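**Q** Here's a structure for you.
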Amino acid sequence: MQVDIKTTEMKPIRNTYGHIAERFGDKPASRYQEATYDLQATDHFHYRPLWEPEKELIDESRTKLKMKDWYAFKDPRQFYYGTYVAARAKMNEGAEANFNFVDSKGLAEKLTDSVISTVKECILPLRHLGLSANMNNSEMTAKGFGTVTTQATMYYAMDHLGIAQYISRIGLVVDGNTGTSLTQAKALWMDAPYLQGLRRLAEDTLCCDDWFELFVAQNLVLDGMMYPLVYESIINSIEEQGGTAISMLTDFMTQWMKETKRWVDAEINVAAGESEYNKDLIQSWITKWSKRATEALAPLADKALGASGAAAMKDAAQSLNSRVAKCGLSL
Amino acid sequence: MSQKVYIALQDIEDARPIIEAITDDNPHAVLLKYPAMVRIEAEGKLVIKRETIEEKVGRDFDLQELHLTLITLGGNIDETDDEFILQWKN
(Lines give C-alpha, C1' and ligand atoms only; values in the text may rest on other atoms or scores of the structure.)
Protein backbone atom coordinates (compact mmCIF):
# COMPACT_ATOMS: atom_id res chain seq x y z
CA MET A 1 0.00 0.00 0.00
CA GLN A 2 1.25 3.38 -0.84
CA VAL A 3 0.54 6.36 1.35
CA ASP A 4 0.69 9.79 -0.17
CA ILE A 5 1.23 12.58 2.29
CA LYS A 6 -0.37 15.72 1.08
CA THR A 7 0.07 19.12 2.63
CA THR A 8 -2.78 21.54 2.80
CA GLU A 9 -1.89 25.13 3.30
CA MET A 10 -4.08 27.01 5.72
CA LYS A 11 -3.85 30.71 5.09
CA PRO A 12 -4.72 32.97 7.99
CA ILE A 13 -7.93 34.90 7.34
CA ARG A 14 -6.15 38.18 7.98
CA ASN A 15 -2.53 39.10 8.48
CA THR A 16 -3.00 41.72 11.13
CA TYR A 17 -5.39 44.33 12.50
CA GLY A 18 -7.01 46.71 10.03
CA HIS A 19 -5.35 49.81 11.45
CA ILE A 20 -1.92 48.19 11.32
CA ALA A 21 -2.48 47.02 7.73
CA GLU A 22 -3.47 50.59 6.78
CA ARG A 23 -0.16 51.85 8.07
CA PHE A 24 2.28 49.10 7.11
CA GLY A 25 0.53 47.19 4.33
CA ASP A 26 -1.41 43.96 4.52
CA LYS A 27 1.30 41.58 5.70
CA PRO A 28 2.16 39.87 8.97
CA ALA A 29 3.01 42.61 11.44
CA SER A 30 5.56 42.48 14.23
CA ARG A 31 4.36 42.36 17.80
CA TYR A 32 5.93 45.74 18.37
CA GLN A 33 3.80 47.24 15.62
CA GLU A 34 0.62 45.60 16.88
CA ALA A 35 1.29 46.62 20.49
CA THR A 36 2.14 50.20 19.60
CA TYR A 37 0.70 51.89 16.55
CA ASP A 38 -2.61 53.76 16.68
CA LEU A 39 -3.38 52.19 20.02
CA GLN A 40 -4.34 55.26 21.98
CA ALA A 41 -7.80 56.79 21.62
CA THR A 42 -7.91 59.96 19.52
CA ASP A 43 -11.61 60.85 19.27
CA HIS A 44 -14.94 60.66 21.02
CA PHE A 45 -13.77 61.41 24.51
CA HIS A 46 -16.31 61.68 27.24
CA TYR A 47 -16.04 64.48 29.80
CA ARG A 48 -13.19 66.93 29.69
CA PRO A 49 -10.77 66.60 32.57
CA LEU A 50 -11.65 68.73 35.61
CA TRP A 51 -7.96 69.65 35.96
CA GLU A 52 -7.76 71.12 32.48
CA PRO A 53 -11.25 71.67 31.12
CA GLU A 54 -10.08 73.56 28.03
CA LYS A 55 -8.57 70.38 26.60
CA GLU A 56 -9.69 66.85 25.89
CA LEU A 57 -8.48 64.05 28.14
CA ILE A 58 -5.86 63.16 25.53
CA ASP A 59 -5.01 66.21 23.49
CA GLU A 60 -2.36 67.00 20.89
CA SER A 61 -2.13 70.60 22.03
CA ARG A 62 -0.36 69.81 25.32
CA THR A 63 2.89 70.56 23.54
CA LYS A 64 3.86 73.28 21.10
CA LEU A 65 5.45 70.65 18.91
CA LYS A 66 3.33 69.92 15.87
CA MET A 67 3.20 66.56 14.13
CA LYS A 68 1.00 65.60 11.19
CA ASP A 69 1.24 62.04 12.38
CA TRP A 70 2.12 61.30 15.97
CA TYR A 71 2.99 57.77 14.94
CA ALA A 72 5.79 58.87 12.64
CA PHE A 73 8.06 58.01 15.57
CA LYS A 74 9.59 54.61 16.09
CA ASP A 75 11.50 53.18 19.01
CA PRO A 76 14.58 51.58 17.43
CA ARG A 77 14.69 49.14 20.34
CA GLN A 78 11.12 48.09 19.47
CA PHE A 79 10.13 47.88 23.10
CA TYR A 80 6.65 46.85 24.02
CA TYR A 81 5.94 45.48 27.46
CA GLY A 82 7.16 41.96 26.71
CA THR A 83 10.45 42.87 25.05
CA TYR A 84 11.12 45.68 27.52
CA VAL A 85 10.73 43.40 30.52
CA ALA A 86 12.84 40.68 28.90
CA ALA A 87 15.62 43.15 28.05
CA ARG A 88 15.68 44.62 31.56
CA ALA A 89 15.54 41.21 33.22
CA LYS A 90 18.67 40.30 31.30
CA MET A 91 20.43 43.51 32.32
CA ASN A 92 19.37 43.02 35.94
CA GLU A 93 20.82 39.54 35.93
CA GLY A 94 24.17 41.03 34.93
CA ALA A 95 23.91 43.72 37.57
CA GLU A 96 23.01 41.17 40.27
CA ALA A 97 26.01 39.10 39.27
CA ASN A 98 28.22 42.19 39.63
CA PHE A 99 26.84 42.97 43.09
CA ASN A 100 27.35 39.36 44.14
CA PHE A 101 30.89 39.38 42.84
CA VAL A 102 31.79 42.59 44.69
CA ASP A 103 30.19 41.15 47.81
CA SER A 104 31.79 37.70 47.63
CA LYS A 105 35.29 39.05 46.99
CA GLY A 106 34.91 41.70 49.66
CA LEU A 107 35.92 44.35 47.13
CA ALA A 108 34.09 47.11 48.97
CA GLU A 109 36.50 46.84 51.92
CA LYS A 110 39.41 47.47 49.58
CA LEU A 111 38.09 50.83 48.37
CA THR A 112 40.15 53.83 49.39
CA ASP A 113 38.70 56.64 51.47
CA SER A 114 38.89 59.07 48.59
CA VAL A 115 36.89 56.74 46.34
CA ILE A 116 34.30 56.20 49.05
CA SER A 117 33.92 59.91 49.67
CA THR A 118 33.49 60.61 45.93
CA VAL A 119 30.79 57.93 45.80
CA LYS A 120 29.08 59.30 48.88
CA GLU A 121 29.24 62.92 47.83
CA CYS A 122 28.83 62.76 44.07
CA ILE A 123 27.02 59.54 43.15
CA LEU A 124 24.63 58.75 45.99
CA PRO A 125 22.80 62.12 45.97
CA LEU A 126 21.86 61.40 42.34
CA ARG A 127 19.25 58.92 43.52
CA HIS A 128 17.13 61.98 44.30
CA LEU A 129 17.63 63.25 40.77
CA GLY A 130 16.22 59.89 39.67
CA LEU A 131 12.94 60.80 41.32
CA SER A 132 12.40 63.87 39.16
CA ALA A 133 13.46 61.93 36.07
CA ASN A 134 10.88 59.32 36.98
CA MET A 135 8.13 61.86 37.64
CA ASN A 136 8.93 63.86 34.53
CA ASN A 137 8.65 60.80 32.34
CA SER A 138 5.42 59.78 34.05
CA GLU A 139 4.19 63.27 33.21
CA MET A 140 5.16 62.83 29.55
CA THR A 141 3.33 59.52 29.58
CA ALA A 142 0.22 61.15 31.01
CA LYS A 143 0.19 64.22 28.79
CA GLY A 144 1.87 62.89 25.68
CA PHE A 145 0.18 61.94 22.45
CA GLY A 146 0.69 58.63 20.69
CA THR A 147 1.45 55.27 22.26
CA VAL A 148 4.69 55.01 20.29
CA THR A 149 6.10 57.79 22.46
CA THR A 150 4.19 57.39 25.70
CA GLN A 151 4.94 53.72 26.21
CA ALA A 152 8.67 54.41 25.85
CA THR A 153 8.51 57.35 28.28
CA MET A 154 6.86 55.04 30.82
CA TYR A 155 9.71 52.55 30.43
CA TYR A 156 12.17 55.42 30.83
CA ALA A 157 10.39 56.41 34.04
CA MET A 158 10.66 52.89 35.40
CA ASP A 159 14.31 52.68 34.36
CA HIS A 160 15.07 55.70 36.51
CA LEU A 161 13.40 54.08 39.51
CA GLY A 162 15.57 51.04 38.92
CA ILE A 163 18.72 53.12 38.56
CA ALA A 164 17.94 55.04 41.74
CA GLN A 165 17.58 51.69 43.51
CA TYR A 166 20.96 50.55 42.22
CA ILE A 167 22.50 53.80 43.45
CA SER A 168 20.93 53.17 46.86
CA ARG A 169 22.40 49.67 46.90
CA ILE A 170 25.83 51.07 46.11
CA GLY A 171 25.32 53.25 49.20
CA LEU A 172 24.60 50.15 51.26
CA VAL A 173 27.69 48.46 49.83
CA VAL A 174 29.99 51.30 50.89
CA ASP A 175 28.47 51.90 54.33
CA GLY A 176 28.30 48.26 55.40
CA ASN A 177 24.49 47.98 55.08
CA THR A 178 23.76 50.63 57.68
CA GLY A 179 22.05 53.17 55.44
CA THR A 180 23.95 56.07 56.99
CA SER A 181 25.42 57.01 53.61
CA LEU A 182 21.92 57.44 52.23
CA THR A 183 20.85 59.73 55.05
CA GLN A 184 24.01 61.71 54.49
CA ALA A 185 23.38 61.84 50.74
CA LYS A 186 19.89 63.20 51.34
CA ALA A 187 21.30 65.90 53.60
CA LEU A 188 23.84 66.81 50.90
CA TRP A 189 21.11 66.90 48.25
CA MET A 190 19.09 69.30 50.42
CA ASP A 191 21.88 71.59 51.63
CA ALA A 192 25.28 71.12 49.98
CA PRO A 193 26.01 74.14 47.77
CA TYR A 194 27.47 72.09 44.88
CA LEU A 195 24.17 70.22 44.47
CA GLN A 196 21.71 73.08 44.82
CA GLY A 197 21.90 74.08 41.16
CA LEU A 198 21.05 70.54 40.18
CA ARG A 199 18.21 70.34 42.68
CA ARG A 200 16.85 73.65 41.45
CA LEU A 201 17.01 72.39 37.87
CA ALA A 202 15.24 69.17 38.85
CA GLU A 203 12.47 71.16 40.50
CA ASP A 204 12.16 73.48 37.52
CA THR A 205 11.75 70.54 35.17
CA LEU A 206 9.00 69.24 37.42
CA CYS A 207 7.14 72.50 36.72
CA CYS A 208 7.62 72.37 32.95
CA ASP A 209 4.16 72.24 31.37
CA ASP A 210 4.95 71.36 27.78
CA TRP A 211 5.57 67.61 27.67
CA PHE A 212 7.86 67.58 24.65
CA GLU A 213 9.89 70.44 26.08
CA LEU A 214 10.17 68.27 29.15
CA PHE A 215 11.38 65.41 26.96
CA VAL A 216 14.09 67.66 25.54
CA ALA A 217 15.02 69.05 28.96
CA GLN A 218 15.11 65.78 30.88
CA ASN A 219 15.80 62.93 28.50
CA LEU A 220 17.90 64.66 25.88
CA VAL A 221 19.74 67.47 27.63
CA LEU A 222 20.01 66.74 31.34
CA ASP A 223 20.49 62.98 31.06
CA GLY A 224 22.48 63.45 27.87
CA MET A 225 25.04 65.50 29.80
CA MET A 226 24.75 63.98 33.26
CA TYR A 227 25.36 60.38 32.14
CA PRO A 228 28.61 60.99 30.26
CA LEU A 229 29.79 63.22 33.12
CA VAL A 230 28.96 60.85 35.95
CA TYR A 231 29.11 57.39 34.42
CA GLU A 232 32.05 58.04 32.14
CA SER A 233 34.27 60.82 33.51
CA ILE A 234 33.64 60.49 37.24
CA ILE A 235 33.50 56.71 37.20
CA ASN A 236 36.68 56.59 35.11
CA SER A 237 38.48 58.72 37.64
CA ILE A 238 37.18 56.49 40.45
CA GLU A 239 38.44 53.50 38.51
CA GLU A 240 41.88 55.05 38.19
CA GLN A 241 41.97 55.39 41.95
CA GLY A 242 41.37 51.68 42.37
CA GLY A 243 37.59 51.77 42.46
CA THR A 244 36.93 49.09 39.86
CA ALA A 245 34.23 47.70 42.14
CA ILE A 246 32.23 50.92 41.79
CA SER A 247 32.60 50.84 38.05
CA MET A 248 31.22 47.28 38.02
CA LEU A 249 28.25 48.35 40.12
CA THR A 250 27.39 51.19 37.77
CA ASP A 251 27.69 49.07 34.65
CA PHE A 252 23.89 48.93 34.43
CA MET A 253 23.73 52.72 34.01
CA THR A 254 26.41 52.70 31.31
CA GLN A 255 24.66 49.95 29.37
CA TRP A 256 21.30 51.60 29.87
CA MET A 257 22.42 54.96 28.49
CA LYS A 258 24.06 53.34 25.50
CA GLU A 259 20.82 51.57 24.67
CA THR A 260 18.35 54.31 25.56
CA LYS A 261 20.00 57.23 23.80
CA ARG A 262 19.21 55.51 20.50
CA TRP A 263 15.52 55.97 21.25
CA VAL A 264 15.91 59.57 22.47
CA ASP A 265 17.90 60.46 19.35
CA ALA A 266 15.36 58.77 17.07
CA GLU A 267 12.57 60.73 18.72
CA ILE A 268 14.37 64.06 18.29
CA ASN A 269 15.37 63.18 14.75
CA VAL A 270 11.78 62.52 13.65
CA ALA A 271 10.35 65.52 15.53
CA ALA A 272 12.97 67.95 14.19
CA GLY A 273 12.78 66.47 10.70
CA GLU A 274 9.02 67.07 10.51
CA SER A 275 9.23 70.83 9.89
CA GLU A 276 11.37 73.93 10.26
CA TYR A 277 8.93 75.09 12.91
CA ASN A 278 9.62 71.98 15.02
CA LYS A 279 13.33 72.23 14.46
CA ASP A 280 13.46 75.84 15.64
CA LEU A 281 11.31 74.97 18.61
CA ILE A 282 13.48 72.05 19.67
CA GLN A 283 16.60 74.15 19.11
CA SER A 284 15.25 76.84 21.42
CA TRP A 285 14.52 74.23 24.09
CA ILE A 286 17.97 72.69 23.74
CA THR A 287 19.61 76.12 24.04
CA LYS A 288 17.54 77.00 27.07
CA TRP A 289 18.02 73.74 28.98
CA SER A 290 21.60 72.97 28.03
CA LYS A 291 22.64 76.28 29.52
CA ARG A 292 20.84 75.35 32.72
CA ALA A 293 22.24 71.82 32.75
CA THR A 294 25.79 73.06 32.23
CA GLU A 295 25.47 75.50 35.12
CA ALA A 296 23.91 72.86 37.35
CA LEU A 297 26.39 70.08 36.61
CA ALA A 298 29.61 72.12 36.67
CA PRO A 299 29.85 72.33 40.49
CA LEU A 300 29.31 68.57 40.72
CA ALA A 301 32.07 67.98 38.16
CA ASP A 302 34.41 70.26 40.09
CA LYS A 303 33.60 68.56 43.36
CA ALA A 304 34.21 65.07 41.98
CA LEU A 305 37.11 65.74 39.62
CA GLY A 306 38.74 68.87 40.94
CA ALA A 307 40.93 70.49 38.34
CA SER A 308 39.78 68.22 35.51
CA GLY A 309 36.11 68.98 36.19
CA ALA A 310 35.95 71.62 33.49
CA ALA A 311 37.41 69.27 30.90
CA ALA A 312 34.87 66.60 31.86
CA MET A 313 32.04 69.12 31.44
CA LYS A 314 33.38 69.90 28.00
CA ASP A 315 33.41 66.19 27.14
CA ALA A 316 29.83 65.83 28.36
CA ALA A 317 28.70 68.78 26.26
CA GLN A 318 30.63 67.46 23.30
CA SER A 319 29.00 64.05 23.70
CA LEU A 320 25.53 65.60 23.60
CA ASN A 321 26.44 67.99 20.85
CA SER A 322 27.60 65.20 18.56
CA ARG A 323 24.24 63.48 19.08
CA VAL A 324 22.07 66.50 18.28
CA ALA A 325 24.33 67.56 15.42
CA LYS A 326 23.03 64.56 13.47
CA CYS A 327 19.60 66.21 13.49
CA GLY A 328 21.03 69.56 12.42
CA LEU A 329 20.78 70.96 15.94
CA SER A 330 23.43 72.25 18.30
CA LEU A 331 23.90 73.15 21.93
CA MET B 1 24.55 25.88 -15.66
CA SER B 2 24.99 27.54 -12.37
CA GLN B 3 23.32 26.03 -9.43
CA LYS B 4 21.20 28.13 -7.10
CA VAL B 5 22.01 28.62 -3.46
CA TYR B 6 19.08 28.51 -1.06
CA ILE B 7 18.12 28.83 2.54
CA ALA B 8 14.85 27.75 4.12
CA LEU B 9 13.55 29.21 7.36
CA GLN B 10 10.48 28.55 9.44
CA ASP B 11 7.70 31.00 8.67
CA ILE B 12 7.40 32.36 12.19
CA GLU B 13 7.61 35.71 13.98
CA ASP B 14 11.27 35.22 14.96
CA ALA B 15 12.32 34.56 11.38
CA ARG B 16 10.51 37.50 9.82
CA PRO B 17 13.20 40.11 10.44
CA ILE B 18 15.82 37.69 9.11
CA ILE B 19 13.80 37.04 5.97
CA GLU B 20 13.25 40.75 5.46
CA ALA B 21 16.96 41.43 5.93
CA ILE B 22 17.91 38.75 3.41
CA THR B 23 15.51 40.05 0.76
CA ASP B 24 16.66 43.63 1.38
CA ASP B 25 20.34 42.75 1.08
CA ASN B 26 19.89 40.41 -1.88
CA PRO B 27 17.58 42.02 -4.43
CA HIS B 28 18.25 39.15 -6.87
CA ALA B 29 16.90 36.56 -4.43
CA VAL B 30 13.55 34.88 -4.96
CA LEU B 31 11.21 34.33 -2.05
CA LEU B 32 9.10 31.18 -2.15
CA LYS B 33 6.39 30.59 0.41
CA TYR B 34 5.48 27.11 1.53
CA PRO B 35 3.27 25.95 4.37
CA ALA B 36 5.13 26.99 7.54
CA MET B 37 8.32 27.54 5.58
CA VAL B 38 9.94 30.26 3.57
CA ARG B 39 12.57 29.34 1.00
CA ILE B 40 14.88 31.94 -0.43
CA GLU B 41 16.77 31.07 -3.60
CA ALA B 42 19.37 33.05 -5.45
CA GLU B 43 21.68 32.75 -8.39
CA GLY B 44 25.30 32.92 -7.34
CA LYS B 45 25.37 34.19 -3.83
CA LEU B 46 23.26 34.96 -0.77
CA VAL B 47 24.55 37.29 1.92
CA ILE B 48 23.01 37.50 5.36
CA LYS B 49 24.21 40.56 7.24
CA ARG B 50 24.12 40.92 10.99
CA GLU B 51 23.80 44.68 10.81
CA THR B 52 20.67 44.60 8.65
CA ILE B 53 19.01 42.08 10.93
CA GLU B 54 19.92 44.15 13.99
CA GLU B 55 18.23 47.14 12.42
CA LYS B 56 15.06 45.10 11.93
CA VAL B 57 14.95 43.48 15.36
CA GLY B 58 16.11 46.56 17.25
CA ARG B 59 18.67 44.74 19.38
CA ASP B 60 22.04 43.05 19.17
CA PHE B 61 21.85 39.92 17.06
CA ASP B 62 24.23 36.98 17.01
CA LEU B 63 24.27 35.35 13.57
CA GLN B 64 24.22 31.98 15.33
CA GLU B 65 20.62 32.77 16.26
CA LEU B 66 19.90 31.97 12.65
CA HIS B 67 19.96 28.30 13.59
CA LEU B 68 16.90 28.69 15.79
CA THR B 69 14.71 29.12 12.73
CA LEU B 70 16.83 27.46 10.07
CA ILE B 71 15.39 24.42 8.28
CA THR B 72 17.87 23.76 5.54
CA LEU B 73 20.32 25.43 3.23
CA GLY B 74 22.31 24.74 0.11
CA GLY B 75 25.69 26.20 -0.73
CA ASN B 76 29.14 26.48 0.74
CA ILE B 77 29.20 28.63 3.80
CA ASP B 78 31.52 31.49 4.58
CA GLU B 79 30.90 32.69 8.06
CA THR B 80 32.14 35.64 10.08
CA ASP B 81 30.67 37.52 13.03
CA ASP B 82 29.14 40.03 10.62
CA GLU B 83 28.15 38.00 7.60
CA PHE B 84 26.87 34.60 6.66
CA ILE B 85 27.53 33.95 2.98
CA LEU B 86 26.16 31.13 0.87
CA GLN B 87 27.70 30.32 -2.52
CA TRP B 88 28.78 27.31 -4.55
CA LYS B 89 32.52 27.04 -4.86
CA ASN B 90 33.17 24.55 -7.60
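Within each chain, counting starts at residue 1; across the C-alpha coordinates, chains are named A, B, ... in the order shown, with ligands numbered 1 upward in that order.
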Based on the backbone DSSP call, show me all residues of chain B assigned helix (DSSP H, G or I), as a list in words.
**A**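 Here is the list: Glu13, Asp14, Ala15, Arg16, Pro17, Ile18, Ile19, Glu20, Ala21, Ile22, Thr23, Asp24, Asp25, Arg50, Glu51, Thr52, Ile53, Glu54, Glu55, Lys56, Val57, Leu63, Gln64, Glu65, Leu66, His67 and Leu68 of chain B.
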**Q** Using only C-alpha atoms, determine which residues of chain B fall within 10 Å of chain A; present them as a list in words.
**A** Ile12, Glu13, Asp14, Arg16, Pro17, Tyr34, Pro35, Ala36, Glu54, Glu55, Lys56, Val57, Gly58, Arg59 and Asp60 of chain B
**Q** Can you pull out the residues contacting Ile20 (chain A)? Cut-off 10 Å, using only C-alpha atoms, and skip same-chain residues under 3 positions away; I want them as a ChimeraX atom specification.
**A** /A:15-17,23-30,33-39
**Q** I'd like the contact shell of region 18-23 of chain B - 7 Å cut-off, only C-alpha atoms, skipping same-chain residues fewer than 3 positions apart - returned as a PyMOL selection string.
**A** chain B and resi 15+26-27+29+47-48+52-53
**Q** For Ala95 (chain A), find every residue with an atom within 12 Å (counting only C-alpha atoms), except residues of its own chain fewer than 6 positions away, and show them as a list of chain:residue names.
**A**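 Returned residues: A:Arg88, A:Ala89, A:Phe101, A:Val102, A:Gly162, A:Ile163, A:Gln165, A:Tyr166, A:Ile167, A:Arg169, A:Ile170, A:Ala245, A:Ile246, A:Ser247, A:Met248, A:Leu249, A:Thr250, A:Asp251, A:Phe252, A:Met253, A:Thr254, A:Gln255, A:Trp256.
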**Q** Give me the residues within 10 Å of Glu274 (chain A) as a PyMOL selection string, counting only C-alpha atoms and dropping any in the same chain fewer than 2 places off.
**A** chain A and resi 65-69+72+268-272+276-279
**Q** Write to file, as a PDB file, in the first residue's frame, the residues of the selection just made, with N, CA and C atoms.
**A**
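This went into result_34.pdb:
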```pdb
ATOM      1  N   LEU A  65       4.976  71.427  20.058  1.00  0.00           N
ATOM      2  CA  LEU A  65       5.453  70.652  18.915  1.00  0.00           C
ATOM      3  C   LEU A  65       4.258  70.234  18.058  1.00  0.00           C
ATOM      4  N   LYS A  66       4.441  70.300  16.734  1.00  0.00           N
ATOM      5  CA  LYS A  66       3.331  69.915  15.866  1.00  0.00           C
ATOM      6  C   LYS A  66       3.743  68.755  14.965  1.00  0.00           C
ATOM      7  N   MET A  67       2.935  67.716  14.972  1.00  0.00           N
ATOM      8  CA  MET A  67       3.198  66.558  14.126  1.00  0.00           C
ATOM      9  C   MET A  67       1.946  66.274  13.304  1.00  0.00           C
ATOM     10  N   LYS A  68       2.150  66.010  12.011  1.00  0.00           N
ATOM     11  CA  LYS A  68       1.002  65.596  11.190  1.00  0.00           C
ATOM     12  C   LYS A  68       0.537  64.227  11.653  1.00  0.00           C
ATOM     13  N   ASP A  69       1.536  63.402  11.964  1.00  0.00           N
ATOM     14  CA  ASP A  69       1.244  62.038  12.380  1.00  0.00           C
ATOM     15  C   ASP A  69       2.077  61.727  13.620  1.00  0.00           C
ATOM     16  N   ALA A  72       4.627  58.864  13.536  1.00  0.00           N
ATOM     17  CA  ALA A  72       5.791  58.873  12.644  1.00  0.00           C
ATOM     18  C   ALA A  72       7.017  58.397  13.410  1.00  0.00           C
ATOM     19  N   ILE A 268      13.997  62.689  18.646  1.00  0.00           N
ATOM     20  CA  ILE A 268      14.368  64.055  18.288  1.00  0.00           C
ATOM     21  C   ILE A 268      14.529  64.176  16.769  1.00  0.00           C
ATOM     22  N   ASN A 269      15.130  63.165  16.184  1.00  0.00           N
ATOM     23  CA  ASN A 269      15.369  63.177  14.747  1.00  0.00           C
ATOM     24  C   ASN A 269      14.058  63.292  13.968  1.00  0.00           C
ATOM     25  N   VAL A 270      13.068  62.496  14.347  1.00  0.00           N
ATOM     26  CA  VAL A 270      11.780  62.524  13.648  1.00  0.00           C
ATOM     27  C   VAL A 270      11.063  63.852  13.912  1.00  0.00           C
ATOM     28  N   ALA A 271      11.068  64.295  15.175  1.00  0.00           N
ATOM     29  CA  ALA A 271      10.355  65.520  15.528  1.00  0.00           C
ATOM     30  C   ALA A 271      10.971  66.721  14.811  1.00  0.00           C
ATOM     31  N   ALA A 272      12.308  66.796  14.805  1.00  0.00           N
ATOM     32  CA  ALA A 272      12.975  67.946  14.188  1.00  0.00           C
ATOM     33  C   ALA A 272      12.893  67.862  12.667  1.00  0.00           C
ATOM     34  N   GLU A 276      10.463  72.887   9.766  1.00  0.00           N
ATOM     35  CA  GLU A 276      11.370  73.926  10.259  1.00  0.00           C
ATOM     36  C   GLU A 276      10.865  74.461  11.592  1.00  0.00           C
ATOM     37  N   TYR A 277       9.537  74.588  11.669  1.00  0.00           N
ATOM     38  CA  TYR A 277       8.930  75.088  12.908  1.00  0.00           C
ATOM     39  C   TYR A 277       9.356  74.217  14.098  1.00  0.00           C
ATOM     40  N   ASN A 278       9.235  72.901  13.934  1.00  0.00           N
ATOM     41  CA  ASN A 278       9.619  71.981  15.016  1.00  0.00           C
ATOM     42  C   ASN A 278      11.101  72.091  15.339  1.00  0.00           C
ATOM     43  N   LYS A 279      11.892  72.180  14.278  1.00  0.00           N
ATOM     44  CA  LYS A 279      13.330  72.228  14.460  1.00  0.00           C
ATOM     45  C   LYS A 279      13.728  73.463  15.284  1.00  0.00           C
TER      46      LYS A 279
END
```
**Q** Would you please work out which residue, of A:Leu50, A:Ile282, A:Ile5, A:Ala311, is nearest to Val324 (chain A) when using only C-alpha atoms?
**A**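 Checking each candidate against Val324 (chain A), we get A:Ile282 as the closest.
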**Q** Extract, using only C-alpha atoms, all DNA, RNA and protein residues at most 6 Å from Asn76 (chain B), discarding same-chain residues fewer than 3 positions from it, and format them as number ranges by chain.
**A** B: 86-88
**Q** Could you write out the selected residues, including C-alpha atoms, as a CSV table (one decimal), in the first residue's frame?
**A**
```
chain,number,residue,atom,x,y,z
B,86,LEU,CA,26.2,31.1,0.9
B,87,GLN,CA,27.7,30.3,-2.5
B,88,TRP,CA,28.8,27.3,-4.5
```
**Q** For the atom pair CA of Ala217 (chain A) and CA of Pro193 (chain A), what is the interatomic distance in Å to one decimal place?
**A**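 CA of Pro193 (chain A) lies at a distance of 22.4 Å from CA of Ala217 (chain A).
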**Q** DSSP says strand (DSSP E or B) for which residues of chain B? Put them as a PyMOL selection string?
**A** chain B and resi 4-10+30-34+37-43+45-49+70-74+76-79+83-87
**Q** Could you state the separation of CA of Lys49 (chain B) and CA of Asp82 (chain B) in Å, given to one decimal place?
**A**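 Here the two named atoms are 6.0 Å from each other.
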**Q** Would you mind telling me which residue in B:His28, B:His67, B:Lys89, B:Arg50 lies nearest to Leu9 (chain B) when using only C-alpha atoms?
**A**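 Distance minimum relative to Leu9 (chain B) lands on B:His67.
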